[in-house]
Amino acid sequence: MVTSGPLWTERRRTCLAYSPGGHYAELVRALEGIAFTDCFHVTYRSEHAPAGDDVRVYHLCHPRRNLLRLLVNVVQALGVVLRERPQLVVSTGADVALATLIWARLFGARVVFIETGGTIEPSLTGRLVYPFCHLFIVQWPQKLARFPRAVLADGLLL
């Protein structure tokens with residue numbers, strides 16, 4: 001029998017934190033079959049970012065490896081975390097999601113990070129958030145050497 005509903009319904013307040021484009025595409029693939037009852041997005045403004053009346057989206061400053069922009073992002077991320085109080089954060093990176101993940105973890109959220117499958121080398125964001133993650137998922141077995149607590153995904157999400 002084929003069911004048309006979700007395989008899982010997540011009832012915790014969930015934050016999806018990502019960069020638009022490929023990182024967002026990987027997140028969408030990873031979350032197929034999951035319905036969220038209370039979900040919001042953290043990203044930066046882009047034509048590839050989700051929009052609509054049914055989607056709560058917070059657009060943070062994109063750090064772009066610039067110290068001043070990073071500080072603005074950190075303050076904005078703290079504001080979002082304090083306002084929304086997520087219980088779960090799921091992220092595929094990249095830099096725009098870093099502060100959100102860390103703040104959410106410090107305020108008690110469970111953190112899941114899915115390391116990009118776009119490269120075999122560990123990402124900078126992955127290396128920075130790894131100590132804060134409850135679940136860290138990699139898409140290449142070669143990354144297990146750098147992230148020994150990680151779980152290997154069953155195939156690429158690209």
# chains A, B, ... in the order shown; residues from 1 in each chain; ligands from 1
call {"tool": "select_by_dssp", "arguments": {"residues": "chain A", "states": "helix (DSSP H, G or I)", "output": "MDAnalysis selection string"}}
result
chainID A and resid 22:30 67:84 95:106 124:132 141:145
call {"tool": "write_last_selection", "arguments": {"atoms": "N, CA and C atoms", "output": "compact mmCIF listing (two decimals), in the first residue's frame"}}
result
# COMPACT_ATOMS: atom_id res chain seq x y z
N GLY A 22 23.04 25.22 -3.85
CA GLY A 22 23.37 23.81 -3.65
C GLY A 22 23.15 23.31 -2.23
N HIS A 23 23.49 24.13 -1.25
CA HIS A 23 23.28 23.72 0.15
C HIS A 23 21.79 23.53 0.44
N TYR A 24 20.96 24.43 -0.09
CA TYR A 24 19.52 24.31 0.08
C TYR A 24 19.00 23.06 -0.64
N ALA A 25 19.49 22.81 -1.83
CA ALA A 25 19.06 21.63 -2.60
C ALA A 25 19.39 20.35 -1.84
N GLU A 26 20.57 20.27 -1.23
CA GLU A 26 20.94 19.10 -0.43
C GLU A 26 20.02 18.95 0.78
N LEU A 27 19.67 20.06 1.41
CA LEU A 27 18.79 20.02 2.57
C LEU A 27 17.40 19.51 2.19
N VAL A 28 16.88 20.00 1.09
CA VAL A 28 15.56 19.56 0.62
C VAL A 28 15.57 18.05 0.36
N ARG A 29 16.61 17.55 -0.28
CA ARG A 29 16.71 16.11 -0.55
C ARG A 29 16.82 15.31 0.75
N ALA A 30 17.59 15.83 1.71
CA ALA A 30 17.78 15.12 2.98
C ALA A 30 16.49 15.03 3.78
N LEU A 67 35.15 40.09 8.57
CA LEU A 67 34.97 40.15 10.02
C LEU A 67 33.77 41.02 10.43
N LEU A 68 33.61 42.18 9.84
CA LEU A 68 32.49 43.05 10.20
C LEU A 68 31.16 42.39 9.85
N ARG A 69 31.08 41.80 8.66
CA ARG A 69 29.84 41.12 8.24
C ARG A 69 29.57 39.90 9.14
N LEU A 70 30.63 39.22 9.56
CA LEU A 70 30.47 38.08 10.46
C LEU A 70 29.89 38.53 11.80
N LEU A 71 30.37 39.65 12.33
CA LEU A 71 29.85 40.16 13.60
C LEU A 71 28.38 40.53 13.47
N VAL A 72 27.99 41.14 12.35
CA VAL A 72 26.58 41.46 12.12
C VAL A 72 25.76 40.17 12.09
N ASN A 73 26.27 39.15 11.40
CA ASN A 73 25.60 37.86 11.30
C ASN A 73 25.42 37.23 12.68
N VAL A 74 26.45 37.30 13.51
CA VAL A 74 26.41 36.71 14.86
C VAL A 74 25.32 37.38 15.70
N VAL A 75 25.22 38.70 15.64
CA VAL A 75 24.20 39.43 16.40
C VAL A 75 22.81 39.10 15.86
N GLN A 76 22.65 39.08 14.53
CA GLN A 76 21.36 38.75 13.94
C GLN A 76 20.94 37.33 14.30
N ALA A 77 21.88 36.39 14.25
CA ALA A 77 21.57 34.99 14.58
C ALA A 77 21.12 34.86 16.03
N LEU A 78 21.77 35.58 16.94
CA LEU A 78 21.36 35.56 18.34
C LEU A 78 19.92 36.06 18.47
N GLY A 79 19.58 37.12 17.77
CA GLY A 79 18.22 37.65 17.80
C GLY A 79 17.20 36.63 17.33
N VAL A 80 17.51 35.92 16.25
CA VAL A 80 16.59 34.92 15.72
C VAL A 80 16.43 33.77 16.72
N VAL A 81 17.52 33.31 17.27
CA VAL A 81 17.46 32.19 18.22
C VAL A 81 16.69 32.58 19.48
N LEU A 82 16.90 33.79 19.97
CA LEU A 82 16.16 34.24 21.15
C LEU A 82 14.67 34.42 20.85
N ARG A 83 14.36 34.87 19.67
CA ARG A 83 12.96 35.08 19.29
C ARG A 83 12.23 33.75 19.07
N GLU A 84 12.86 32.84 18.33
CA GLU A 84 12.20 31.61 17.92
C GLU A 84 12.38 30.44 18.90
N ASP A 95 28.54 29.27 5.57
CA ASP A 95 28.92 30.26 6.58
C ASP A 95 27.75 31.02 7.20
N VAL A 96 26.70 31.27 6.48
CA VAL A 96 25.56 32.03 7.04
C VAL A 96 24.90 31.27 8.20
N ALA A 97 25.04 29.95 8.23
CA ALA A 97 24.40 29.12 9.25
C ALA A 97 25.25 28.94 10.50
N LEU A 98 26.50 29.25 10.45
CA LEU A 98 27.45 28.97 11.54
C LEU A 98 27.00 29.53 12.89
N ALA A 99 26.75 30.82 12.97
CA ALA A 99 26.38 31.43 14.25
C ALA A 99 25.03 30.91 14.75
N THR A 100 24.10 30.68 13.83
CA THR A 100 22.78 30.17 14.22
C THR A 100 22.91 28.81 14.89
N LEU A 101 23.74 27.93 14.32
CA LEU A 101 23.95 26.60 14.90
C LEU A 101 24.54 26.69 16.30
N ILE A 102 25.55 27.51 16.45
CA ILE A 102 26.24 27.60 17.74
C ILE A 102 25.33 28.22 18.80
N TRP A 103 24.66 29.34 18.47
CA TRP A 103 23.74 29.95 19.43
C TRP A 103 22.64 28.98 19.83
N ALA A 104 22.05 28.31 18.85
CA ALA A 104 20.95 27.38 19.15
C ALA A 104 21.42 26.27 20.08
N ARG A 105 22.60 25.74 19.83
CA ARG A 105 23.15 24.69 20.70
C ARG A 105 23.36 25.22 22.12
N LEU A 106 23.88 26.42 22.23
CA LEU A 106 24.12 27.00 23.56
C LEU A 106 22.81 27.24 24.32
N LEU A 124 34.98 24.20 5.65
CA LEU A 124 35.34 25.06 6.78
C LEU A 124 34.20 25.10 7.79
N THR A 125 32.96 25.24 7.31
CA THR A 125 31.82 25.26 8.23
C THR A 125 31.72 23.95 8.99
N GLY A 126 31.89 22.84 8.30
CA GLY A 126 31.84 21.54 8.95
C GLY A 126 32.87 21.41 10.05
N ARG A 127 34.09 21.86 9.77
CA ARG A 127 35.15 21.78 10.78
C ARG A 127 34.83 22.66 11.99
N LEU A 128 34.18 23.80 11.76
CA LEU A 128 33.87 24.71 12.86
C LEU A 128 32.69 24.25 13.70
N VAL A 129 31.67 23.65 13.08
CA VAL A 129 30.47 23.27 13.84
C VAL A 129 30.52 21.85 14.39
N TYR A 130 31.43 21.03 13.93
CA TYR A 130 31.51 19.63 14.35
C TYR A 130 31.44 19.45 15.87
N PRO A 131 32.18 20.23 16.67
CA PRO A 131 32.11 20.04 18.13
C PRO A 131 30.75 20.36 18.74
N PHE A 132 29.91 21.11 18.04
CA PHE A 132 28.62 21.54 18.57
C PHE A 132 27.46 20.63 18.15
N PRO A 141 32.78 8.55 2.44
CA PRO A 141 33.48 7.79 3.49
C PRO A 141 34.83 8.39 3.85
N GLN A 142 35.46 9.09 2.91
CA GLN A 142 36.76 9.71 3.17
C GLN A 142 36.67 10.76 4.29
N LYS A 143 35.51 11.35 4.49
CA LYS A 143 35.36 12.38 5.52
C LYS A 143 35.28 11.79 6.92
N LEU A 144 35.06 10.50 7.04
CA LEU A 144 34.99 9.87 8.36
C LEU A 144 36.32 9.96 9.11
N ALA A 145 37.42 10.04 8.37
CA ALA A 145 38.73 10.17 9.01
C ALA A 145 38.83 11.50 9.75
call {"tool": "residues_around", "arguments": {"residues": "Gly5 of chain A", "least_positions_apart": "3", "cutoff": "9 Å", "atoms": "only C-alpha atoms", "output": "list of chain:residue names"}}
result
A:Trp8, A:Gly33, A:Ala35
call {"tool": "closest_residue", "arguments": {"among": "A:Arg65, A:Arg56, A:Ser46, A:Val89", "to": "Thr14 of chain A", "atoms": "only C-alpha atoms"}}
result
A:Val89
call {"tool": "residues_around", "arguments": {"residues": "Val57 of chain A", "least_positions_apart": "5", "cutoff": "7 Å", "atoms": "only C-alpha atoms", "output": "list of chain:residue names"}}
result
A:Phe40, A:His41, A:Val42
call {"tool": "write_last_selection", "arguments": {"atoms": "C-alpha atoms", "output": "mmCIF file, in the first residue's frame"}}
result
data_model
loop_
_atom_site.group_PDB
_atom_site.id
_atom_site.type_symbol
_atom_site.label_atom_id
_atom_site.label_comp_id
_atom_site.auth_asym_id
_atom_site.auth_seq_id
_atom_site.Cartn_x
_atom_site.Cartn_y
_atom_site.Cartn_z
ATOM 1 C CA PHE A 40 11.437 28.425 10.082
ATOM 2 C CA HIS A 41 14.364 29.100 7.744
ATOM 3 C CA VAL A 42 17.604 31.019 8.296
#
call {"tool": "closest_atom_pairs", "arguments": {"of": "segment 21-93 of chain A", "to": "segment 112-120 of chain A", "cutoff": "7 Å", "atoms": "only C-alpha atoms", "output": "JSON lines"}}
result
{"residue": "A:Val89", "atom": "CA", "partner": "A:Val112", "partner_atom": "CA", "distance": 6.1}
{"residue": "A:Val90", "atom": "CA", "partner": "A:Val112", "partner_atom": "CA", "distance": 4.8}
{"residue": "A:Ser91", "atom": "CA", "partner": "A:Phe113", "partner_atom": "CA", "distance": 4.9}
{"residue": "A:Thr92", "atom": "CA", "partner": "A:Ile114", "partner_atom": "CA", "distance": 4.8}
call {"tool": "residues_around", "arguments": {"residues": "Arg12 of chain A", "least_positions_apart": "4", "cutoff": "7 Å", "atoms": "only C-alpha atoms", "output": "list of chain:residue names"}}
result
A:Asp38, A:Gln87, A:Leu88
call {"tool": "select_by_dssp", "arguments": {"residues": "chain A", "states": "strand (DSSP E or B)", "output": "PyMOL selection string"}}
result
chain A and resi 8-10+14-18+34-36+39-43+56-59+88-93+110-114+135-138+151-152
call {"tool": "write_last_selection", "arguments": {"atoms": "C-alpha atoms", "output": "short mmCIF file (atom, residue, chain, number, x, y, z; two decimals), in the first residue's frame"}}
result
data_model
loop_
_atom_site.label_atom_id
_atom_site.label_comp_id
_atom_site.auth_asym_id
_atom_site.auth_seq_id
_atom_site.Cartn_x
_atom_site.Cartn_y
_atom_site.Cartn_z
CA TRP A 8 7.64 11.33 9.71
CA THR A 9 6.08 14.40 11.29
CA GLU A 10 8.52 16.50 13.31
CA THR A 14 12.75 23.40 13.86
CA CYS A 15 15.23 25.79 12.29
CA LEU A 16 16.54 25.00 8.82
CA ALA A 17 19.78 26.94 8.35
CA TYR A 18 21.53 26.98 4.97
CA ILE A 34 9.50 14.70 6.75
CA ALA A 35 6.71 17.15 7.54
CA PHE A 36 7.32 19.95 10.03
CA CYS A 39 9.52 25.30 11.05
CA PHE A 40 11.44 28.43 10.08
CA HIS A 41 14.36 29.10 7.74
CA VAL A 42 17.60 31.02 8.30
CA THR A 43 19.51 32.01 5.17
CA ARG A 56 8.96 31.93 7.91
CA VAL A 57 12.33 33.07 6.63
CA TYR A 58 14.96 35.13 8.43
CA HIS A 59 17.49 36.73 6.11
CA LEU A 88 16.05 21.37 16.63
CA VAL A 89 18.38 22.85 14.00
CA VAL A 90 19.12 21.06 10.75
CA SER A 91 21.74 22.57 8.49
CA THR A 92 23.81 21.91 5.40
CA GLY A 93 25.88 25.07 5.90
CA ARG A 110 19.56 19.60 19.21
CA VAL A 111 21.86 20.22 16.22
CA VAL A 112 22.09 18.13 13.06
CA PHE A 113 24.62 19.09 10.40
CA ILE A 114 24.84 17.50 6.97
CA LEU A 135 24.44 14.37 14.80
CA PHE A 136 26.96 15.04 12.04
CA ILE A 137 26.29 13.38 8.67
CA VAL A 138 28.86 12.98 5.91
CA VAL A 151 27.37 9.02 10.35
CA LEU A 152 27.82 8.08 6.70
#
call {"tool": "atom_distance", "arguments": {"atom1": "atom CA of Leu7 of chain A", "atom2": "atom CA of Arg149 of chain A"}}
result
26.3 Å
call {"tool": "atom_distance", "arguments": {"atom1": "atom CA of Glu121 of chain A", "atom2": "atom CA of Leu157 of chain A"}}
result
16.1 Å
